[in-house]
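Everything on this sheet refers to the single structure shown next.
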Amino acid sequence: MKKLRIAAICMAACMACGIFASCSYDLDYSYEAIDPGTLAAPSVEFVRASEDAEKNAAYRAVYPTLERYEQTVTVNVAAIQYELESNVKVGTTPQNQSFNDIAREKLNIDIKYTVVAPSSTYDNKLNLAIAGNTMPDMFYTTSSDLFATLRDTGMLADLTRAYYMLDDDLLYNYQSYDNLSATIRACMKEGKLYALPQQTNQYASAQRLYIRKDWLEIAGVEAPTTIEEMIEVGQAFLDHKEEIAQKTGLRSPAQVIPFSMHKDITYAGSYSAEGLFNAHGASLGSYFMGDDGQLYCSNTSAEARAALETMRTMYSKGILHREFLSSTAADIQSYVSAGFIGMVFGEWWLPKDALGTAVKSQSVKGADWTWVDLPSYGGKESKPIVDTMLISGYNLVSSKCAHPEAVAKLINLFYDIYYNDNAQSIYGDKVLPSNGFYYQFVPVKLWDGMASGEEYKRVQKAFDSLYKGGLTDRNMFKDGLYESLTNAEIAAIEAGGGRCL
């Protein structure tokens with residue numbers, strides 16, 4: 001029975017990954033690439049205000065960023081109902097968030113939410129709305145298949161004008177880098193632009209292996225640096241599950257889960273198998289150029305097979321959660337928050353979610369998380385596989401929308417609120433999370449990778465201020481990540497004495 005179950009899990013993983021099946025093709029099949037065409041140039045040349053204020057003023061007279069509508073414009077949108085972060089006003093929902101009020105006051109845009117659902121059911125609810133001929137006027141999706149289908153069936157608006165109306169920084173990002181302009185071309189067909197793509201760079205989306213440090217100490221093992229060591233750590237967690245349960249407040253050793261991931265293993269994101277496959281040198285759903293100049297599907301590669309073998313080994317040993325094929329990302333997050341799981345793969349932001357909840361939980365004793373880079377495999381250093389900018393999502397507008405350019409205005413508004421140091425003085429206290437502003441609920445937006453240049457400048461400015469204030473200097477990083485300050489040094493800094501090392 002056990003052998004049958006192991007075989008079933010490997011087969012299910014293969015099916016979910018599309019291994020062997022999804023990449024077969026008919027030799028007689030002919031593929032005709034979509035012609036992106038050439039995007040119509042703006043009627044006035046774009047020049048950033050920082051480069052030439054007068055020319056920028058002439059451009060913005062034709063392509064304004066935040067011009068208010070004279071008559072109220074109503075747009076129907078979709079939104080994901082995420083869990084609120086701790087600093088957001090209790091009771092905030094997509095429908096009552098303060099961004100809606102700001103959009104109404106500043107742009108005269110009235111936002112109506114016709115599709116609202118948690119992330120686990122959002123795609124299904126959105127698809128039902130589209131099938132029922134009630135597609136929202138504008139919405140965000142991560143599905144490239146949905147985008148392509150809507151584009152090719154004439155259901156999406158041409159966003160060329162909206163593109164030129166984007167904020168200076170956003171437009172500059174798109175136009176200044178070859179890989180970013182390529183993302184625009186990927187959303188075009190026959191000279192028209194059908195989406196404002198959200199791109200993610202490899203470093204923002206790269207996964208790490210997060211590990212319960214307190215479990216490592218209880219089991220008497222070190223954080224793994226290789227896949228082989230990762231399996232050994234998982235086995236050590238199993239061997240010490242009684243002690244782990246006792247010292248961390250779990251009701252039963254059966255609640256100790258050394259490693260887990262969610263069922264959608266081909267989906268890149270927190271708690272997925274993307275990091276595991278990347279560690280073996282594979283990236284599901286991707287094609288790579290071989291030495292012979294031909295494209296090969298990573299799903300059927302030797303590296304993907306090796307990753308599946310590791311999954312089979314971990315599952316057979318009981319290291320991989322027995323129920324992972326029926327677990328959603330939300331399920332894994334709840335298990336992590338409850339203190340059941342010892343290792344997961346995730347991006348850099350994972351500590352602020354479930355990991356942080358587990359650490360702060362009164363019912364989880366001594367929870368402490370650490371992380372390591374992707375474990376190496378086969379003697380080779382493991383790295384994120386895709387080394388270019390990726391399209392991680394699409395801002396789409398229905399062809400039936402009377403004002404498709406409104407999507408650019410809403411995106412610009414969000415960007416100006418979220419990345420403007422003077423947002424509160426411009427828009428008032430409604431930009432504060434404590435007053436109901438929650439970035440996750442904003443229905444259309446461009447952020448993260450789109451703001452990477454500005455984020456770098458802000459971080460650099462903060463460090464420059466610290467250096468000038470005497471709080472830090474370039475010797476502070478000599479022993480690990482930081483050098484602790486003594487109470488006397490802190491008191492001197494607070495008294496205005498600064499610190500010179």
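By order of appearance in the structure tokens: chains A, B, ..., then residues from 1 within every chain, and ligands from 1 in the order shown.
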**Report entry** Nearby residues (only C-alpha atoms) at most 10 Å from Asn412 (chain A), same-chain spacing under 4 positions excluded, as a VMD selection string
**Finding:** chain A and resid 65 to 66 165 to 170 406 to 408 416 to 418 444 to 446
Grab the residues selected above and save them as a tab-separated table (two decimals), in the first residue's frame with all heavy atoms.
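And here is the file that came out, selection_16.tsv:
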chain	number	residue	atom	x	y	z
A	65	THR	N	-1.26	63.02	-16.26
A	65	THR	CA	-1.17	61.86	-15.38
A	65	THR	C	-2.34	61.76	-14.40
A	65	THR	O	-2.87	60.68	-14.16
A	65	THR	CB	0.14	61.90	-14.57
A	65	THR	OG1	0.19	63.13	-13.84
A	65	THR	CG2	1.34	61.81	-15.49
A	66	LEU	N	-2.73	62.88	-13.79
A	66	LEU	CA	-3.75	62.85	-12.74
A	66	LEU	C	-4.82	63.91	-12.97
A	66	LEU	O	-5.32	64.52	-12.01
A	66	LEU	CB	-3.09	63.04	-11.36
A	66	LEU	CG	-2.20	61.89	-10.89
A	66	LEU	CD1	-1.37	62.32	-9.67
A	66	LEU	CD2	-3.03	60.65	-10.55
A	165	MET	N	0.16	57.97	-20.74
A	165	MET	CA	-0.30	58.79	-19.63
A	165	MET	C	0.32	58.38	-18.29
A	165	MET	O	0.08	59.01	-17.27
A	165	MET	CB	-1.83	58.74	-19.52
A	165	MET	CG	-2.55	59.45	-20.65
A	165	MET	SD	-4.35	59.22	-20.58
A	165	MET	CE	-4.74	59.99	-19.00
A	166	LEU	N	1.11	57.32	-18.30
A	166	LEU	CA	1.70	56.86	-17.05
A	166	LEU	C	2.66	57.89	-16.47
A	166	LEU	O	3.27	58.69	-17.20
A	166	LEU	CB	2.45	55.54	-17.28
A	166	LEU	CG	1.58	54.30	-17.52
A	166	LEU	CD1	2.47	53.10	-17.86
A	166	LEU	CD2	0.71	54.00	-16.31
A	167	ASP	N	2.82	57.85	-15.17
A	167	ASP	CA	3.75	58.69	-14.43
A	167	ASP	C	5.14	58.67	-15.08
A	167	ASP	O	5.54	57.68	-15.68
A	167	ASP	CB	3.80	58.15	-12.99
A	167	ASP	CG	4.91	58.73	-12.16
A	167	ASP	OD1	6.04	58.21	-12.26
A	167	ASP	OD2	4.65	59.68	-11.42
A	168	ASP	N	5.88	59.77	-14.95
A	168	ASP	CA	7.21	59.89	-15.55
A	168	ASP	C	8.10	58.69	-15.25
A	168	ASP	O	8.76	58.14	-16.13
A	168	ASP	CB	7.91	61.16	-15.05
A	168	ASP	CG	7.48	62.40	-15.81
A	168	ASP	OD1	6.44	62.34	-16.51
A	168	ASP	OD2	8.17	63.43	-15.70
A	169	ASP	N	8.15	58.31	-13.97
A	169	ASP	CA	9.04	57.21	-13.57
A	169	ASP	C	8.60	55.89	-14.18
A	169	ASP	O	9.44	55.11	-14.64
A	169	ASP	CB	9.08	57.09	-12.04
A	169	ASP	CG	9.78	58.26	-11.38
A	169	ASP	OD1	10.65	58.87	-12.04
A	169	ASP	OD2	9.46	58.57	-10.22
A	170	LEU	N	7.30	55.62	-14.18
A	170	LEU	CA	6.80	54.37	-14.73
A	170	LEU	C	7.08	54.29	-16.23
A	170	LEU	O	7.55	53.26	-16.74
A	170	LEU	CB	5.30	54.23	-14.47
A	170	LEU	CG	4.89	54.13	-13.00
A	170	LEU	CD1	3.36	54.14	-12.88
A	170	LEU	CD2	5.45	52.87	-12.38
A	406	ALA	N	-8.65	55.66	-17.79
A	406	ALA	CA	-8.79	55.79	-16.33
A	406	ALA	C	-7.87	54.82	-15.60
A	406	ALA	O	-7.47	55.07	-14.46
A	406	ALA	CB	-10.24	55.56	-15.92
A	407	VAL	N	-7.50	53.70	-16.25
A	407	VAL	CA	-6.61	52.75	-15.61
A	407	VAL	C	-5.27	53.39	-15.31
A	407	VAL	O	-4.65	53.15	-14.26
A	407	VAL	CB	-6.44	51.48	-16.47
A	407	VAL	CG1	-5.64	51.75	-17.73
A	407	VAL	CG2	-5.80	50.36	-15.66
A	408	ALA	N	-4.76	54.24	-16.23
A	408	ALA	CA	-3.49	54.92	-16.01
A	408	ALA	C	-3.61	55.92	-14.86
A	408	ALA	O	-2.69	56.06	-14.05
A	408	ALA	CB	-3.04	55.63	-17.28
A	416	ASP	N	1.74	57.45	-6.74
A	416	ASP	CA	2.07	58.71	-6.08
A	416	ASP	C	1.80	58.66	-4.59
A	416	ASP	O	2.48	59.31	-3.80
A	416	ASP	CB	1.27	59.86	-6.71
A	416	ASP	CG	1.88	61.22	-6.43
A	416	ASP	OD1	3.13	61.33	-6.53
A	416	ASP	OD2	1.14	62.16	-6.11
A	417	ILE	N	0.83	57.87	-4.19
A	417	ILE	CA	0.55	57.71	-2.76
A	417	ILE	C	1.59	56.82	-2.11
A	417	ILE	O	2.14	57.14	-1.05
A	417	ILE	CB	-0.87	57.12	-2.55
A	417	ILE	CG1	-1.94	58.12	-2.96
A	417	ILE	CG2	-1.06	56.71	-1.09
A	417	ILE	CD1	-3.34	57.53	-2.95
A	418	TYR	N	1.86	55.70	-2.75
A	418	TYR	CA	2.69	54.67	-2.11
A	418	TYR	C	4.17	54.99	-2.11
A	418	TYR	O	4.90	54.58	-1.21
A	418	TYR	CB	2.44	53.34	-2.82
A	418	TYR	CG	2.77	52.13	-1.97
A	418	TYR	CD1	2.08	51.87	-0.80
A	418	TYR	CD2	3.77	51.24	-2.36
A	418	TYR	CE1	2.37	50.76	-0.02
A	418	TYR	CE2	4.07	50.12	-1.59
A	418	TYR	CZ	3.36	49.89	-0.42
A	418	TYR	OH	3.65	48.79	0.34
A	444	VAL	N	-5.89	48.12	-9.44
A	444	VAL	CA	-4.90	48.12	-10.52
A	444	VAL	C	-3.70	48.94	-10.06
A	444	VAL	O	-3.85	50.00	-9.46
A	444	VAL	CB	-5.47	48.70	-11.84
A	444	VAL	CG1	-6.44	47.72	-12.48
A	444	VAL	CG2	-6.12	50.05	-11.62
A	445	LYS	N	-2.50	48.44	-10.34
A	445	LYS	CA	-1.30	49.14	-9.88
A	445	LYS	C	-0.06	48.58	-10.54
A	445	LYS	O	-0.04	47.46	-11.03
A	445	LYS	CB	-1.17	49.05	-8.35
A	445	LYS	CG	-1.21	47.66	-7.78
A	445	LYS	CD	-1.16	47.72	-6.25
A	445	LYS	CE	-1.30	46.35	-5.61
A	445	LYS	NZ	-2.68	45.84	-5.65
A	446	LEU	N	0.98	49.40	-10.55
A	446	LEU	CA	2.32	48.99	-10.95
A	446	LEU	C	3.23	49.35	-9.79
A	446	LEU	O	3.23	50.49	-9.34
A	446	LEU	CB	2.75	49.72	-12.23
A	446	LEU	CG	1.96	49.38	-13.49
A	446	LEU	CD1	2.34	50.33	-14.62
A	446	LEU	CD2	2.21	47.94	-13.92
Query raised in the report: Neighbours of Asn395 (chain A) within 9 Å (only C-alpha atoms; same-chain residues fewer than 2 positions away dropped), as a VMD selection string?
Result: chain A and resid 138 to 141 194 to 198 393 397 407 443 to 446
The selected residues should be written to file as a CSV table (one decimal), in the first residue's frame (atoms: all heavy atoms).
chain,number,residue,atom,x,y,z
A,138,MET,N,-12.1,47.0,-15.5
A,138,MET,CA,-10.6,46.9,-15.3
A,138,MET,C,-10.3,46.0,-14.2
A,138,MET,O,-11.0,46.0,-13.2
A,138,MET,CB,-9.9,48.3,-15.2
A,138,MET,CG,-10.4,49.1,-14.1
A,138,MET,SD,-9.7,50.8,-14.2
A,138,MET,CE,-10.4,51.5,-15.7
A,139,PHE,N,-9.2,45.2,-14.3
A,139,PHE,CA,-8.9,44.3,-13.3
A,139,PHE,C,-7.4,43.8,-13.5
A,139,PHE,O,-6.8,44.0,-14.5
A,139,PHE,CB,-9.8,43.1,-13.2
A,139,PHE,CG,-9.9,42.4,-14.5
A,139,PHE,CD1,-9.1,41.2,-14.8
A,139,PHE,CD2,-10.8,42.8,-15.5
A,139,PHE,CE1,-9.2,40.5,-16.0
A,139,PHE,CE2,-10.8,42.1,-16.8
A,139,PHE,CZ,-10.0,41.0,-17.0
A,140,TYR,N,-6.9,43.2,-12.5
A,140,TYR,CA,-5.5,42.6,-12.5
A,140,TYR,C,-5.6,41.1,-12.5
A,140,TYR,O,-6.4,40.5,-11.8
A,140,TYR,CB,-4.8,43.1,-11.3
A,140,TYR,CG,-3.3,42.7,-11.2
A,140,TYR,CD1,-2.3,43.3,-11.9
A,140,TYR,CD2,-2.9,41.5,-10.5
A,140,TYR,CE1,-1.0,42.9,-11.9
A,140,TYR,CE2,-1.6,41.1,-10.4
A,140,TYR,CZ,-0.7,41.8,-11.1
A,140,TYR,OH,0.7,41.4,-11.1
A,141,THR,N,-4.8,40.5,-13.3
A,141,THR,CA,-4.7,39.0,-13.3
A,141,THR,C,-3.2,38.6,-13.5
A,141,THR,O,-2.4,39.3,-14.1
A,141,THR,CB,-5.5,38.4,-14.4
A,141,THR,OG1,-5.4,37.0,-14.4
A,141,THR,CG2,-5.1,38.9,-15.8
A,194,TYR,N,-2.5,45.9,-25.3
A,194,TYR,CA,-3.7,45.3,-24.6
A,194,TYR,C,-3.5,45.1,-23.1
A,194,TYR,O,-4.4,44.5,-22.5
A,194,TYR,CB,-4.1,44.1,-25.3
A,194,TYR,CG,-4.6,44.3,-26.7
A,194,TYR,CD1,-3.8,44.1,-27.8
A,194,TYR,CD2,-5.9,44.9,-26.9
A,194,TYR,CE1,-4.3,44.4,-29.1
A,194,TYR,CE2,-6.4,45.1,-28.2
A,194,TYR,CZ,-5.6,44.9,-29.3
A,194,TYR,OH,-6.0,45.1,-30.6
A,195,ALA,N,-2.4,45.5,-22.6
A,195,ALA,CA,-2.2,45.3,-21.1
A,195,ALA,C,-1.1,46.2,-20.7
A,195,ALA,O,-0.2,46.6,-21.4
A,195,ALA,CB,-1.9,43.9,-20.7
A,196,LEU,N,-1.1,46.7,-19.4
A,196,LEU,CA,0.0,47.4,-18.8
A,196,LEU,C,0.6,46.3,-17.8
A,196,LEU,O,0.1,46.1,-16.8
A,196,LEU,CB,-0.5,48.6,-18.0
A,196,LEU,CG,-1.1,49.7,-18.9
A,196,LEU,CD1,-1.7,50.8,-18.0
A,196,LEU,CD2,-0.1,50.2,-19.9
A,197,PRO,N,1.7,45.7,-18.3
A,197,PRO,CA,2.2,44.6,-17.5
A,197,PRO,C,3.0,45.0,-16.3
A,197,PRO,O,3.7,46.0,-16.2
A,197,PRO,CB,3.2,43.9,-18.6
A,197,PRO,CG,3.7,45.1,-19.4
A,197,PRO,CD,2.5,46.0,-19.5
A,198,GLN,N,2.9,44.1,-15.3
A,198,GLN,CA,3.7,44.3,-14.0
A,198,GLN,C,4.8,43.3,-14.2
A,198,GLN,O,4.7,42.1,-14.4
A,198,GLN,CB,2.8,43.9,-12.8
A,198,GLN,CG,3.6,43.7,-11.5
A,198,GLN,CD,4.2,45.0,-11.0
A,198,GLN,OE1,3.5,46.0,-10.9
A,198,GLN,NE2,5.5,45.0,-10.7
A,393,GLY,N,2.2,39.9,-14.0
A,393,GLY,CA,0.7,40.1,-14.0
A,393,GLY,C,0.4,41.1,-15.0
A,393,GLY,O,1.2,41.8,-15.7
A,397,VAL,N,-8.2,46.1,-19.3
A,397,VAL,CA,-9.3,47.0,-19.4
A,397,VAL,C,-10.3,46.4,-20.4
A,397,VAL,O,-9.8,46.0,-21.5
A,397,VAL,CB,-9.0,48.4,-19.7
A,397,VAL,CG1,-10.2,49.3,-19.9
A,397,VAL,CG2,-8.0,49.0,-18.7
A,407,VAL,N,-7.5,53.7,-16.3
A,407,VAL,CA,-6.6,52.8,-15.6
A,407,VAL,C,-5.3,53.4,-15.3
A,407,VAL,O,-4.7,53.1,-14.3
A,407,VAL,CB,-6.4,51.5,-16.5
A,407,VAL,CG1,-5.6,51.7,-17.7
A,407,VAL,CG2,-5.8,50.4,-15.7
A,443,PRO,N,-7.1,48.0,-6.8
A,443,PRO,CA,-7.5,47.1,-7.9
A,443,PRO,C,-6.5,47.0,-9.0
A,443,PRO,O,-6.3,45.9,-9.6
A,443,PRO,CB,-8.9,47.5,-8.3
A,443,PRO,CG,-8.9,49.0,-7.9
A,443,PRO,CD,-8.1,49.1,-6.7
A,444,VAL,N,-5.9,48.1,-9.4
A,444,VAL,CA,-4.9,48.1,-10.5
A,444,VAL,C,-3.7,48.9,-10.1
A,444,VAL,O,-3.9,50.0,-9.5
A,444,VAL,CB,-5.5,48.7,-11.8
A,444,VAL,CG1,-6.4,47.7,-12.5
A,444,VAL,CG2,-6.1,50.1,-11.6
A,445,LYS,N,-2.5,48.4,-10.3
A,445,LYS,CA,-1.3,49.1,-9.9
A,445,LYS,C,-0.1,48.6,-10.5
A,445,LYS,O,0.0,47.5,-11.0
A,445,LYS,CB,-1.2,49.1,-8.4
A,445,LYS,CG,-1.2,47.7,-7.8
A,445,LYS,CD,-1.2,47.7,-6.2
A,445,LYS,CE,-1.3,46.4,-5.6
A,445,LYS,NZ,-2.7,45.8,-5.7
A,446,LEU,N,1.0,49.4,-10.5
A,446,LEU,CA,2.3,49.0,-11.0
A,446,LEU,C,3.2,49.4,-9.8
A,446,LEU,O,3.2,50.5,-9.3
A,446,LEU,CB,2.8,49.7,-12.2
A,446,LEU,CG,2.0,49.4,-13.5
A,446,LEU,CD1,2.3,50.3,-14.6
A,446,LEU,CD2,2.2,47.9,-13.9
Requested in this report: Within 9 Å of region 56-63 of chain A, counting only C-alpha atoms, which residues show up once you throw out same-chain ones fewer than 2 positions away? Write them as a list in words, please.
Outcome: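 Residues meeting the cut-off are Pro42, Ser43, Val44, Glu45, Phe46, Val47, Arg48, Ala49, Ser50, Glu51, Asp52, Ala53, Glu54, Thr65, Arg161, Ala162, Tyr164, Met165 and Leu166 of chain A.
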Residues from the last selection, all heavy atoms, saved as a short mmCIF file (atom, residue, chain, number, x, y, z; two decimals), in the first residue's frame:
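Written file, selection_24.cif:
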data_model
loop_
_atom_site.label_atom_id
_atom_site.label_comp_id
_atom_site.auth_asym_id
_atom_site.auth_seq_id
_atom_site.Cartn_x
_atom_site.Cartn_y
_atom_site.Cartn_z
N PRO A 42 3.79 58.72 -29.48
CA PRO A 42 2.97 59.81 -28.94
C PRO A 42 3.04 61.02 -29.86
O PRO A 42 4.02 61.21 -30.60
CB PRO A 42 3.62 60.09 -27.59
CG PRO A 42 5.04 59.63 -27.74
CD PRO A 42 4.97 58.43 -28.65
N SER A 43 2.02 61.83 -29.85
CA SER A 43 1.99 63.01 -30.73
C SER A 43 2.97 64.08 -30.28
O SER A 43 3.33 64.98 -31.05
CB SER A 43 0.57 63.60 -30.77
OG SER A 43 0.14 63.95 -29.46
N VAL A 44 3.42 63.98 -29.02
CA VAL A 44 4.45 64.88 -28.49
C VAL A 44 5.53 64.02 -27.86
O VAL A 44 5.23 63.06 -27.15
CB VAL A 44 3.86 65.84 -27.43
CG1 VAL A 44 4.95 66.76 -26.88
CG2 VAL A 44 2.71 66.65 -28.01
N GLU A 45 6.77 64.33 -28.12
CA GLU A 45 7.88 63.54 -27.59
C GLU A 45 7.89 63.57 -26.06
O GLU A 45 7.78 64.62 -25.44
CB GLU A 45 9.21 64.06 -28.13
CG GLU A 45 10.41 63.25 -27.64
CD GLU A 45 11.74 63.85 -28.06
OE1 GLU A 45 11.72 64.94 -28.67
OE2 GLU A 45 12.78 63.24 -27.79
N PHE A 46 8.07 62.38 -25.46
CA PHE A 46 8.14 62.30 -24.00
C PHE A 46 9.53 62.67 -23.51
O PHE A 46 10.54 62.13 -23.97
CB PHE A 46 7.81 60.87 -23.54
CG PHE A 46 8.15 60.62 -22.09
CD1 PHE A 46 7.50 61.32 -21.08
CD2 PHE A 46 9.13 59.70 -21.74
CE1 PHE A 46 7.81 61.08 -19.74
CE2 PHE A 46 9.45 59.46 -20.42
CZ PHE A 46 8.79 60.15 -19.41
N VAL A 47 9.58 63.59 -22.56
CA VAL A 47 10.82 63.98 -21.88
C VAL A 47 10.49 64.12 -20.41
O VAL A 47 9.52 64.79 -20.04
CB VAL A 47 11.38 65.32 -22.41
CG1 VAL A 47 12.66 65.68 -21.67
CG2 VAL A 47 11.63 65.24 -23.91
N ARG A 48 11.26 63.49 -19.57
CA ARG A 48 11.00 63.56 -18.12
C ARG A 48 11.16 64.99 -17.62
O ARG A 48 11.99 65.76 -18.11
CB ARG A 48 11.96 62.65 -17.35
CG ARG A 48 11.87 61.20 -17.70
CD ARG A 48 12.86 60.38 -16.89
NE ARG A 48 12.35 60.05 -15.58
CZ ARG A 48 13.08 59.48 -14.62
NH1 ARG A 48 14.36 59.22 -14.83
NH2 ARG A 48 12.55 59.19 -13.45
N ALA A 49 10.36 65.34 -16.62
CA ALA A 49 10.43 66.68 -16.04
C ALA A 49 11.82 66.95 -15.47
O ALA A 49 12.32 68.08 -15.52
CB ALA A 49 9.37 66.84 -14.97
N SER A 50 12.45 65.92 -14.93
CA SER A 50 13.78 66.10 -14.35
C SER A 50 14.83 66.42 -15.41
O SER A 50 15.89 66.95 -15.10
CB SER A 50 14.20 64.84 -13.58
OG SER A 50 14.20 63.71 -14.44
N GLU A 51 14.52 66.11 -16.67
CA GLU A 51 15.46 66.36 -17.75
C GLU A 51 15.16 67.66 -18.50
O GLU A 51 16.08 68.36 -18.92
CB GLU A 51 15.44 65.18 -18.74
CG GLU A 51 15.88 63.87 -18.10
CD GLU A 51 15.69 62.68 -19.03
OE1 GLU A 51 15.17 62.89 -20.14
OE2 GLU A 51 16.06 61.56 -18.65
N ASP A 52 13.88 67.96 -18.64
CA ASP A 52 13.49 69.19 -19.33
C ASP A 52 12.05 69.51 -18.95
O ASP A 52 11.10 68.99 -19.54
CB ASP A 52 13.63 69.04 -20.84
CG ASP A 52 13.50 70.37 -21.59
OD1 ASP A 52 12.67 71.20 -21.17
OD2 ASP A 52 14.24 70.57 -22.57
N ALA A 53 11.89 70.38 -17.95
CA ALA A 53 10.56 70.67 -17.41
C ALA A 53 9.63 71.28 -18.47
O ALA A 53 8.44 70.98 -18.51
CB ALA A 53 10.69 71.62 -16.22
N GLU A 54 10.19 72.14 -19.33
CA GLU A 54 9.35 72.80 -20.33
C GLU A 54 8.81 71.80 -21.35
O GLU A 54 7.62 71.81 -21.68
CB GLU A 54 10.16 73.89 -21.05
CG GLU A 54 9.33 74.72 -22.01
CD GLU A 54 10.12 75.86 -22.63
OE1 GLU A 54 11.19 76.21 -22.08
OE2 GLU A 54 9.67 76.41 -23.65
N THR A 65 -1.26 63.02 -16.26
CA THR A 65 -1.17 61.86 -15.38
C THR A 65 -2.34 61.76 -14.40
O THR A 65 -2.87 60.68 -14.16
CB THR A 65 0.14 61.90 -14.57
OG1 THR A 65 0.19 63.13 -13.84
CG2 THR A 65 1.34 61.81 -15.49
N ARG A 161 -2.87 54.91 -25.44
CA ARG A 161 -2.94 56.25 -24.84
C ARG A 161 -2.72 56.18 -23.33
O ARG A 161 -2.01 57.01 -22.77
CB ARG A 161 -4.27 56.92 -25.15
CG ARG A 161 -4.40 58.28 -24.47
CD ARG A 161 -5.59 59.09 -24.95
NE ARG A 161 -5.75 60.30 -24.16
CZ ARG A 161 -5.02 61.39 -24.28
NH1 ARG A 161 -4.05 61.43 -25.20
NH2 ARG A 161 -5.22 62.45 -23.52
N ALA A 162 -3.29 55.17 -22.70
CA ALA A 162 -3.10 55.01 -21.25
C ALA A 162 -1.62 54.81 -20.92
O ALA A 162 -1.11 55.33 -19.92
CB ALA A 162 -3.92 53.83 -20.75
N TYR A 164 0.96 56.07 -22.48
CA TYR A 164 1.66 57.35 -22.54
C TYR A 164 1.24 58.30 -21.42
O TYR A 164 1.90 59.31 -21.20
CB TYR A 164 1.45 58.00 -23.91
CG TYR A 164 2.15 57.27 -25.03
CD1 TYR A 164 1.47 56.89 -26.18
CD2 TYR A 164 3.50 56.93 -24.92
CE1 TYR A 164 2.13 56.21 -27.21
CE2 TYR A 164 4.16 56.25 -25.92
CZ TYR A 164 3.47 55.89 -27.06
OH TYR A 164 4.13 55.21 -28.06
N MET A 165 0.16 57.97 -20.74
CA MET A 165 -0.30 58.79 -19.63
C MET A 165 0.32 58.38 -18.29
O MET A 165 0.08 59.01 -17.27
CB MET A 165 -1.83 58.74 -19.52
CG MET A 165 -2.55 59.45 -20.65
SD MET A 165 -4.35 59.22 -20.58
CE MET A 165 -4.74 59.99 -19.00
N LEU A 166 1.11 57.32 -18.30
CA LEU A 166 1.70 56.86 -17.05
C LEU A 166 2.66 57.89 -16.47
O LEU A 166 3.27 58.69 -17.20
CB LEU A 166 2.45 55.54 -17.28
CG LEU A 166 1.58 54.30 -17.52
CD1 LEU A 166 2.47 53.10 -17.86
CD2 LEU A 166 0.71 54.00 -16.31
#
**Report entry** Residues within 9 Å of region 381-385 of chain A, only C-alpha atoms, excluding chain neighbours under 4 positions, as an NGL selection string
**Finding:** :A and (202-203 or 205-207 or 226 or 275 or 278-283 or 373-377)
Requested in this report: Apply DSSP to the structure's backbone, then extract all residues of region 251-310 of chain A labelled strand (DSSP E or B) and return them as a VMD selection string.
Outcome: chain A and resid 257 to 259 287 to 289 295 to 297
Requested in this report: Could you please write out, as a VMD selection string, every residue of region 218-431 of chain A that DSSP assigns to helix (DSSP H, G or I)?
Outcome: chain A and resid 218 to 219 227 to 239 241 to 248 253 to 255 274 to 279 298 to 300 302 to 317 324 to 326 329 to 338 350 to 352 354 to 360 406 to 419 423 to 427 429 to 431
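For the pair CA of Asp331 (chain A) and CA of Thr370 (chain A), the interatomic distance is 21.2 Å.
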Query - Option closest in space to Ser119 (chain A), from A:Thr328, A:Ser361, A:Asp292, A:Lys55 [counting only C-alpha atoms] - result: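 Ranked by minimum distance to Ser119 (chain A), first place goes to A:Thr328.
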Excluding Trp215 (chain A) and its own-chain neighbours fewer than 4 positions away, which residues fall within 9 Å of it when counting only C-alpha atoms? Please give them as an mmCIF file with N, CA and C atoms, in the first residue's frame.
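What landed in out05.cif:
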data_model
loop_
_atom_site.group_PDB
_atom_site.id
_atom_site.type_symbol
_atom_site.label_atom_id
_atom_site.label_comp_id
_atom_site.auth_asym_id
_atom_site.auth_seq_id
_atom_site.Cartn_x
_atom_site.Cartn_y
_atom_site.Cartn_z
ATOM 1 N N ILE A 211 13.732 28.311 7.514
ATOM 2 C CA ILE A 211 13.845 27.180 8.434
ATOM 3 C C ILE A 211 13.620 27.635 9.877
ATOM 4 N N ALA A 219 17.050 19.730 17.311
ATOM 5 C CA ALA A 219 17.493 18.517 16.623
ATOM 6 C C ALA A 219 19.005 18.390 16.571
ATOM 7 N N GLY A 220 19.714 19.461 16.910
ATOM 8 C CA GLY A 220 21.174 19.422 16.928
ATOM 9 C C GLY A 220 21.806 19.367 15.558
ATOM 10 N N VAL A 221 21.202 20.085 14.588
ATOM 11 C CA VAL A 221 21.748 20.098 13.221
ATOM 12 C C VAL A 221 21.926 21.539 12.752
ATOM 13 N N PHE A 237 14.425 16.427 11.983
ATOM 14 C CA PHE A 237 13.180 16.946 12.559
ATOM 15 C C PHE A 237 12.232 15.801 12.904
ATOM 16 N N HIS A 240 13.388 13.878 16.002
ATOM 17 C CA HIS A 240 13.240 14.627 17.255
ATOM 18 C C HIS A 240 11.846 15.252 17.379
ATOM 19 N N ILE A 244 10.558 18.257 19.788
ATOM 20 C CA ILE A 244 10.133 19.504 19.149
ATOM 21 C C ILE A 244 8.725 19.866 19.597
ATOM 22 N N THR A 248 7.934 23.252 21.858
ATOM 23 C CA THR A 248 7.320 24.362 21.122
ATOM 24 C C THR A 248 5.822 24.487 21.349
ATOM 25 N N GLY A 342 8.492 23.117 9.652
ATOM 26 C CA GLY A 342 9.883 23.447 9.925
ATOM 27 C C GLY A 342 10.629 24.093 8.776
ATOM 28 N N ALA A 367 9.396 30.200 18.781
ATOM 29 C CA ALA A 367 9.542 30.171 17.328
ATOM 30 C C ALA A 367 10.591 31.181 16.870
ATOM 31 N N ASP A 368 11.535 30.724 16.072
ATOM 32 C CA ASP A 368 12.605 31.574 15.559
ATOM 33 C C ASP A 368 12.951 31.061 14.168
#
Query - Between CA of Leu410 (chain A) and CA of Glu105 (chain A), distance in Å (one decimal) - result: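 Spanning CA of Leu410 (chain A) to CA of Glu105 (chain A) is a straight-line distance of 12.2 Å.
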